[in-house]
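A.B. asks: structure-v7.csv is reproduced in full below (CSV, C-alpha atoms).
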```
chain,number,residue,atom,x,y,z
V,838,MET,CA,-21.8,346.3,-61.7
V,839,SER,CA,-23.9,348.1,-64.3
V,840,ALA,CA,-23.7,351.8,-65.0
V,841,THR,CA,-26.8,352.2,-62.8
V,842,GLY,CA,-25.0,350.5,-60.0
V,843,ILE,CA,-22.2,353.0,-59.8
V,844,PRO,CA,-22.4,354.6,-56.3
V,845,ALA,CA,-24.2,357.9,-56.4
V,846,ASP,CA,-21.3,360.0,-55.1
V,847,LEU,CA,-18.9,358.5,-57.7
V,848,ARG,CA,-21.5,358.9,-60.5
V,849,GLU,CA,-21.9,362.5,-59.7
V,850,ALA,CA,-18.2,363.1,-59.6
V,851,LEU,CA,-17.7,361.3,-62.9
V,852,ILE,CA,-20.4,363.3,-64.6
V,853,GLY,CA,-18.8,366.5,-63.4
V,854,ALA,CA,-15.4,365.4,-64.6
V,855,ALA,CA,-16.8,364.4,-68.0
V,856,GLY,CA,-17.9,368.0,-68.5
V,857,SER,CA,-14.4,369.4,-68.1
V,858,PRO,CA,-12.9,371.5,-71.0
V,859,ARG,CA,-9.9,369.2,-71.2
V,860,LEU,CA,-10.0,365.8,-69.5
V,861,LEU,CA,-7.4,363.1,-68.7
V,862,VAL,CA,-8.6,359.6,-68.0
V,863,ALA,CA,-5.8,357.4,-66.6
V,864,SER,CA,-5.6,354.0,-65.0
V,865,ASP,CA,-3.1,351.4,-63.6
V,866,TYR,CA,-2.8,348.2,-65.6
V,867,ASP,CA,-2.6,345.2,-63.2
V,868,GLY,CA,-5.6,344.9,-60.9
V,869,CYS,CA,-7.5,347.5,-63.0
V,870,VAL,CA,-7.4,347.1,-66.7
V,871,SER,CA,-6.2,343.5,-66.2
V,872,PRO,CA,-7.1,341.1,-63.3
V,873,LEU,CA,-4.3,340.1,-61.0
V,874,VAL,CA,-2.8,336.7,-61.9
V,875,SER,CA,-0.2,334.4,-60.4
V,876,ARG,CA,2.1,334.7,-63.4
V,877,PRO,CA,2.7,338.4,-64.4
V,878,GLU,CA,3.2,337.4,-68.0
V,879,ASP,CA,-0.4,336.1,-68.2
V,880,ALA,CA,-2.1,339.4,-67.3
V,881,VAL,CA,-4.6,339.6,-70.1
V,882,PRO,CA,-6.6,342.9,-70.2
V,883,ASN,CA,-10.4,343.1,-69.9
V,884,PRO,CA,-11.5,343.8,-73.5
V,885,ALA,CA,-14.3,346.1,-72.3
V,886,SER,CA,-11.7,348.3,-70.5
V,887,ILE,CA,-9.4,348.4,-73.5
V,888,ALA,CA,-12.3,349.4,-75.8
V,889,ALA,CA,-13.5,352.1,-73.4
V,890,ILE,CA,-10.1,353.7,-72.8
V,891,GLU,CA,-9.3,353.7,-76.5
V,892,ALA,CA,-12.6,355.3,-77.3
V,893,ALA,CA,-11.9,358.0,-74.6
V,894,GLY,CA,-8.5,358.8,-76.2
V,895,GLN,CA,-10.2,359.3,-79.6
V,896,LEU,CA,-12.5,362.0,-78.3
V,897,PRO,CA,-11.7,365.7,-78.8
V,898,ASP,CA,-10.0,367.5,-75.8
V,899,THR,CA,-9.7,364.1,-74.1
V,900,ALA,CA,-6.5,362.2,-73.3
V,901,ALA,CA,-6.2,358.6,-72.1
V,902,ALA,CA,-3.3,356.9,-70.4
V,903,VAL,CA,-2.3,353.7,-68.6
V,904,VAL,CA,0.4,354.2,-65.9
V,905,SER,CA,2.0,350.9,-64.8
V,906,GLY,CA,4.8,349.4,-62.8
V,907,ARG,CA,5.5,347.3,-65.9
V,908,ALA,CA,8.4,348.1,-68.2
V,909,LEU,CA,7.1,350.1,-71.0
V,910,GLY,CA,7.8,347.5,-73.7
V,911,VAL,CA,6.1,344.8,-71.7
V,912,LEU,CA,3.1,347.0,-71.0
V,913,SER,CA,2.7,347.8,-74.7
V,914,GLU,CA,2.9,344.1,-75.6
V,915,LEU,CA,0.5,342.9,-72.9
V,916,SER,CA,-2.1,345.6,-73.3
V,917,GLY,CA,-2.0,345.9,-77.0
V,918,LEU,CA,-2.6,349.6,-76.6
V,919,ALA,CA,-1.0,352.3,-78.7
V,920,VAL,CA,-1.8,355.9,-79.8
V,921,PRO,CA,-4.1,357.6,-78.9
V,922,VAL,CA,-3.7,355.9,-75.5
V,923,VAL,CA,-0.4,357.0,-73.8
V,924,LEU,CA,1.5,354.3,-72.0
V,925,VAL,CA,3.8,355.1,-69.0
V,926,GLY,CA,5.9,352.3,-67.5
V,927,SER,CA,8.2,351.7,-64.6
V,928,HIS,CA,5.9,353.3,-62.0
V,929,GLY,CA,5.7,356.5,-63.9
V,930,SER,CA,9.4,357.0,-64.8
V,931,GLU,CA,9.4,355.5,-68.4
V,932,PHE,CA,7.7,357.5,-71.1
V,933,ASP,CA,7.5,357.1,-74.9
V,934,SER,CA,10.4,359.7,-75.0
V,935,GLY,CA,12.6,357.7,-72.6
V,936,PHE,CA,13.2,357.7,-68.9
V,937,ALA,CA,12.4,360.8,-66.9
V,938,VAL,CA,15.9,360.5,-65.4
V,939,GLU,CA,19.0,359.6,-67.5
V,940,ILE,CA,20.3,356.1,-66.8
V,941,THR,CA,24.1,356.3,-66.3
V,942,ASP,CA,26.8,353.6,-66.1
V,943,ASP,CA,26.7,353.9,-62.3
V,944,HIS,CA,23.0,353.2,-62.4
V,945,ARG,CA,23.5,350.2,-64.6
V,946,ALA,CA,26.2,348.8,-62.3
V,947,LEU,CA,24.0,349.2,-59.3
V,948,LEU,CA,21.2,347.5,-61.1
V,949,GLU,CA,23.3,344.5,-61.9
V,950,ARG,CA,24.2,344.2,-58.2
V,951,LEU,CA,20.5,344.4,-57.2
V,952,ILE,CA,19.5,341.8,-59.7
V,953,GLY,CA,22.2,339.4,-58.4
V,954,GLU,CA,21.1,339.9,-54.8
V,955,LEU,CA,17.4,339.4,-55.5
V,956,ARG,CA,18.2,336.3,-57.5
V,957,SER,CA,20.1,334.9,-54.5
V,958,ILE,CA,17.2,335.6,-52.2
V,959,ALA,CA,14.7,334.0,-54.7
V,960,ALA,CA,16.9,330.9,-54.9
V,961,ASP,CA,16.6,330.4,-51.1
V,962,HIS,CA,12.8,330.8,-51.1
V,963,PRO,CA,10.8,328.5,-53.5
V,964,GLY,CA,8.1,330.2,-55.5
V,965,SER,CA,9.9,333.5,-55.5
V,966,THR,CA,10.9,335.0,-58.8
V,967,VAL,CA,12.8,338.0,-60.0
V,968,GLU,CA,11.8,340.3,-62.8
V,969,THR,CA,14.3,342.7,-64.5
V,970,LYS,CA,13.5,346.0,-66.0
V,971,PRO,CA,15.6,348.7,-67.6
V,972,ALA,CA,15.9,350.7,-64.4
V,973,SER,CA,14.8,348.3,-61.7
V,974,THR,CA,14.4,344.8,-60.5
V,975,VAL,CA,11.4,343.2,-58.8
V,976,LEU,CA,11.1,340.3,-56.3
V,977,HIS,CA,7.7,338.5,-56.7
V,978,VAL,CA,6.5,336.2,-53.9
V,979,ARG,CA,2.8,335.7,-54.9
V,980,ASN,CA,3.5,332.0,-55.7
V,981,ALA,CA,5.7,331.3,-52.6
V,982,ALA,CA,4.4,329.8,-49.4
V,983,PRO,CA,3.5,332.5,-46.8
V,984,THR,CA,6.6,331.8,-44.6
V,985,ASP,CA,8.9,331.9,-47.7
V,986,ALA,CA,7.2,335.0,-49.0
V,987,ASP,CA,7.6,336.9,-45.7
V,988,ALA,CA,11.2,335.8,-45.3
V,989,ALA,CA,12.2,336.7,-48.9
V,990,LEU,CA,10.6,340.2,-48.6
V,991,GLU,CA,12.3,340.8,-45.2
V,992,ARG,CA,15.7,339.9,-46.6
V,993,ALA,CA,15.1,342.3,-49.5
V,994,ARG,CA,13.9,345.1,-47.1
V,995,THR,CA,16.9,344.7,-44.7
V,996,GLY,CA,19.4,344.0,-47.4
V,997,PRO,CA,19.6,345.5,-50.9
V,998,ALA,CA,16.7,347.9,-50.2
V,999,THR,CA,19.0,349.7,-47.8
V,1000,TRP,CA,21.8,350.3,-50.2
V,1001,PRO,CA,22.6,353.9,-51.2
V,1002,GLY,CA,20.9,355.1,-54.4
V,1003,VAL,CA,18.1,352.5,-54.2
V,1004,GLU,CA,14.5,353.6,-54.6
V,1005,VAL,CA,12.1,351.1,-52.9
V,1006,THR,CA,8.5,350.5,-53.9
V,1007,GLU,CA,6.4,347.8,-52.3
V,1008,GLY,CA,3.2,346.5,-53.6
V,1009,LYS,CA,1.0,343.4,-53.4
V,1010,ALA,CA,3.4,340.4,-52.8
V,1011,VAL,CA,6.2,342.4,-54.5
V,1012,ILE,CA,9.1,344.6,-53.7
V,1013,GLU,CA,10.8,346.7,-56.4
V,1014,LEU,CA,14.2,348.2,-56.2
V,1015,ALA,CA,14.9,350.9,-58.7
V,1016,VAL,CA,18.1,352.9,-59.4
V,1017,ILE,CA,16.2,356.1,-60.3
V,1018,GLU,CA,13.3,357.9,-58.6
V,1019,THR,CA,9.9,356.5,-59.6
V,1020,SER,CA,6.4,358.0,-58.9
V,1021,LYS,CA,3.1,357.6,-60.5
V,1022,GLY,CA,2.2,360.9,-58.9
V,1023,HIS,CA,4.9,362.7,-60.9
V,1024,ALA,CA,3.8,360.9,-64.0
V,1025,LEU,CA,0.3,362.3,-63.6
V,1026,ASP,CA,1.7,365.7,-63.2
V,1027,VAL,CA,3.7,365.3,-66.4
V,1028,LEU,CA,0.6,364.0,-68.3
V,1029,ARG,CA,-1.6,366.8,-66.9
V,1030,GLU,CA,0.8,369.4,-68.1
V,1031,ARG,CA,1.5,367.7,-71.4
V,1032,PHE,CA,-2.2,367.7,-72.3
V,1033,GLY,CA,-3.2,370.8,-70.5
V,1034,ALA,CA,-5.8,368.8,-68.6
V,1035,ASP,CA,-8.2,370.7,-66.4
V,1036,THR,CA,-9.5,367.5,-64.7
V,1037,VAL,CA,-8.0,364.0,-64.1
V,1038,ILE,CA,-9.7,360.7,-63.4
V,1039,TYR,CA,-7.4,358.0,-62.1
V,1040,LEU,CA,-8.1,354.4,-61.2
V,1041,GLY,CA,-5.6,352.3,-59.2
V,1042,ASP,CA,-5.5,349.3,-56.9
V,1043,ASP,CA,-2.1,349.0,-55.4
V,1044,VAL,CA,0.1,350.7,-52.8
V,1045,THR,CA,2.0,352.4,-55.6
V,1046,ASP,CA,-1.1,354.1,-56.8
V,1047,GLU,CA,-1.4,356.0,-53.6
V,1048,LYS,CA,1.3,358.4,-54.9
V,1049,ALA,CA,-0.9,359.1,-57.9
V,1050,PHE,CA,-4.0,359.7,-55.7
V,1051,ALA,CA,-2.0,362.1,-53.6
V,1052,HIS,CA,-1.3,364.2,-56.6
V,1053,LEU,CA,-5.0,364.6,-57.5
V,1054,HIS,CA,-7.0,367.7,-56.6
V,1055,PRO,CA,-10.5,366.5,-55.6
V,1056,ASP,CA,-11.6,370.1,-54.7
V,1057,SER,CA,-11.0,371.1,-58.3
V,1058,GLY,CA,-12.9,368.1,-59.8
V,1059,ASP,CA,-10.2,365.4,-60.0
V,1060,VAL,CA,-11.5,361.9,-59.3
V,1061,GLY,CA,-9.4,359.2,-57.6
V,1062,ILE,CA,-10.9,355.7,-57.6
V,1063,LYS,CA,-9.4,352.9,-55.4
V,1064,VAL,CA,-10.1,349.4,-56.9
V,1065,GLY,CA,-10.5,346.7,-54.2
V,1066,GLN,CA,-9.7,346.7,-50.5
V,1067,GLY,CA,-7.0,348.5,-48.5
V,1068,ASP,CA,-6.3,351.9,-47.0
V,1069,THR,CA,-6.4,354.7,-49.5
V,1070,VAL,CA,-6.4,358.5,-49.9
V,1071,ALA,CA,-8.7,358.1,-52.9
V,1072,THR,CA,-12.1,359.7,-52.5
V,1073,HIS,CA,-14.0,356.8,-54.1
V,1074,ARG,CA,-13.8,353.0,-54.2
V,1075,ILE,CA,-15.1,350.2,-56.5
V,1076,GLU,CA,-14.7,346.4,-56.1
V,1077,ASP,CA,-12.9,344.9,-59.1
V,1078,THR,CA,-11.7,345.0,-62.7
V,1079,ASP,CA,-15.3,344.5,-64.1
V,1080,ASP,CA,-16.2,347.7,-62.2
V,1081,VAL,CA,-13.3,349.4,-63.8
V,1082,ALA,CA,-14.7,348.6,-67.2
V,1083,THR,CA,-18.1,349.9,-66.2
V,1084,VAL,CA,-16.6,353.2,-64.9
V,1085,LEU,CA,-14.5,353.7,-68.1
V,1086,GLU,CA,-17.5,353.0,-70.3
V,1087,PHE,CA,-19.7,355.4,-68.3
V,1088,VAL,CA,-17.1,358.2,-68.4
V,1089,THR,CA,-16.5,357.7,-72.1
V,1090,ALA,CA,-20.3,357.8,-72.9
V,1091,ARG,CA,-20.9,360.9,-70.7
V,1092,ARG,CA,-17.9,362.6,-72.2
V,1093,ARG,CA,-19.2,361.9,-75.7
V,1094,GLU,CA,-22.6,363.3,-74.8
V,1095,TRP,CA,-21.1,366.4,-73.2
V,1096,LEU,CA,-18.9,367.1,-76.3
V,1097,SER,CA,-21.9,366.6,-78.6
V,1098,ASP,CA,-24.1,369.0,-76.6
V,1099,ARG,CA,-21.3,371.6,-76.4
V,1100,HIS,CA,-21.0,371.6,-80.2
```
Would you write the structure of this file as structure tokens?

C.D. replies:
Amino acid sequence: MSATGIPADLREALIGAAGSPRLLVASDYDGCVSPLVSRPEDAVPNPASIAAIEAAGQLPDTAAAVVSGRALGVLSELSGLAVPVVLVGSHGSEFDSGFAVEITDDHRALLERLIGELRSIAADHPGSTVETKPASTVLHVRNAAPTDADAALERARTGPATWPGVEVTEGKAVIELAVIETSKGHALDVLRERFGADTVIYLGDDVTDEKAFAHLHPDSGDVGIKVGQGDTVATHRIEDTDDVATVLEFVTARRREWLSDRH
């Protein structure tokens, strides 16, 4: 999709947002800045999206962020992004200043139990893998046969996901069990307040991004953009990661023009 191919209603919304006194441009990583891949460690970002979001973050009165389910250190390494772009990991709970909630010894003990249980489940279902993070653990079934994938997810849902103190987040072929509360919506609230943003643009593709979309205020000019298929509360939709790059480039260009005209 070229800039001229952006749907008219989305184009109008983006132009309006680009003229906000203080703008926050934020996006999920996997499925947005980077295409989805079978091996999470191979998620290479789209260079055009990286260039556009970096350029946005360098503009006056403009903040840029990537909010991901990835652990913050992994997100930083994979994306290659740094200041001025703000990175938020662990589904919105891990900031550059640390976790939004203190990780206690009880949290760590529970996490070890969860990791052990998910590894046991993965061992019984070929193709399933377990990812560990500082405050959560993830069961990935993208590479498992459909019957194994379904069985593994069901064991996690009816087993460790029901334990006291466990926060459950399901996405595309994954279930994540955290020992602290996580929410991309709360992360957007924190970023909005931190930067004093009048308007927020957010792009996301997964179930976890619905929490972020739900914290936007479309009536006040915020723009939520769902990437790909699936039910959503976002007000706009685009097809794929190439479209994400187009949108980010368009927003950055219009923002630069608006700032130039203002001054």

A.B. asks: Taking all atoms listed in the file into account, name the residue in V:Ala854, V:Val920, V:Ser913, V:Leu873 that is nearest to V:His1054.

C.D. replies: V:Ala854

A.B. asks: Using all atoms listed in the file, which of V:Arg1092, V:Ile1012, V:Leu955, V:Ala972 sits nearest V:Glu939?

C.D. replies: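 So, comparing all the options, the nearest one is V:Ala972.
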
A.B. asks: Would you mind telling me which residue in V:Leu976, V:Ala960, V:Val938, V:Ile952 lies nearest to V:Thr1019 when using only C-alpha atoms?

C.D. replies: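 Result for the nearest residue to V:Thr1019: V:Val938.
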
A.B. asks: With a distance cut-off of 7 Å and only C-alpha atoms, select the neighbouring residues of V:Arg907, excluding the residue or stretch itself and same-chain residues fewer than 4 positions from it, and output the selection as a PyMOL selection string.

C.D. replies: chain V and resi 911-912+926-927

A.B. asks: Excluding stretch 1093-1100 of chain V and its own-chain neighbours fewer than 6 positions away, which residues fall within 8 Å of it when counting only C-alpha atoms? Please give them as a ChimeraX atom specification.

C.D. replies: /V:855-856,896-897

A.B. asks: Using all atoms listed in the file, which of the listed residues (V:Gly1008, V:Gly1065, V:Pro844, V:Pro858) sits closest to V:Asp898?

C.D. replies: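 Smallest separation from V:Asp898 among the options: V:Pro858.
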
A.B. asks: Considering all atoms listed in the file, can you say which of V:Leu1040, V:Leu951, V:Ala1049, V:Leu861 comes closest to V:Val1081?

C.D. replies: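 Closest residue, counting all atoms listed in the file: V:Leu1040.
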
A.B. asks: Which is closest to V:Lys1048 among V:Phe936, V:Asn980, V:His928, V:Pro882, if we use all atoms listed in the file?

C.D. replies: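 Checking each of V:Phe936, V:Asn980, V:His928, V:Pro882 against V:Lys1048, counting all atoms listed in the file, the winner is V:His928.
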
A.B. asks: Please indicate the distance in Å from atom CA of V:Ser930 to atom CA of V:Ala998, rounded to one decimal place.

C.D. replies: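 These two atoms are separated by 18.7 Å.
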
A.B. asks: Between atom CA of V:Cys869 and atom CA of V:Lys1021, what distance in Å does the model show, to one decimal?

C.D. replies: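 We find that atom CA of V:Cys869 and atom CA of V:Lys1021 lie 14.9 Å from each other.
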
A.B. asks: Interatomic distance between atom CA of V:Ile887 and atom CA of V:Ile1075?

C.D. replies: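 Atom-to-atom, atom CA of V:Ile887 to atom CA of V:Ile1075, that is 18.0 Å.
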
A.B. asks: Could you pull the residues within 12 Å of V:Gly906, counting only C-alpha atoms, minus those fewer than 3 positions along the same chain, as a PyMOL selection string?

C.D. replies: chain V and resi 864-868+877+903+909-912+924-932+968-975+1006-1009+1011-1015+1019-1021+1024+1041-1046

A.B. asks: Contacts of V:Asp942 at 12 Å or less, counting all atoms listed in the file, minus same-chain residues fewer than 5 places along, as a PyMOL selection string?

C.D. replies: chain V and resi 947-949+972+1016

A.B. asks: Any chance you can output those residues with C-alpha atoms as a compact mmCIF listing (two decimals), keeping the file's coordinate frame?

C.D. replies:
```txt
# COMPACT_ATOMS: atom_id res chain seq x y z
CA LEU V 947 24.00 349.20 -59.30
CA LEU V 948 21.20 347.50 -61.10
CA GLU V 949 23.30 344.50 -61.90
CA ALA V 972 15.90 350.70 -64.40
CA VAL V 1016 18.10 352.90 -59.40
```

A.B. asks: Which residues, written as a list of chain:residue names, have at least one atom at most 9 Å from V:Leu1025, with only C-alpha atoms counted and residues fewer than 2 positions away on the same chain left out?

C.D. replies: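 Contacts, with the query itself left out: V:Ala863, V:Val904, V:Gly929, V:Ser1020, V:Lys1021, V:Gly1022, V:His1023, V:Val1027, V:Leu1028, V:Arg1029, V:Glu1030, V:Val1037, V:Tyr1039, V:Ala1049, V:His1052, V:Leu1053.
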
A.B. asks: At a cut-off of 10 Å around the point (-8.8, 358.4, -50.9) (file coordinates), what residues fall inside when counting only C-alpha atoms? I'd like the answer as a ChimeraX atom specification.

C.D. replies: /V:1047,1050-1051,1053,1055,1060-1063,1068-1074
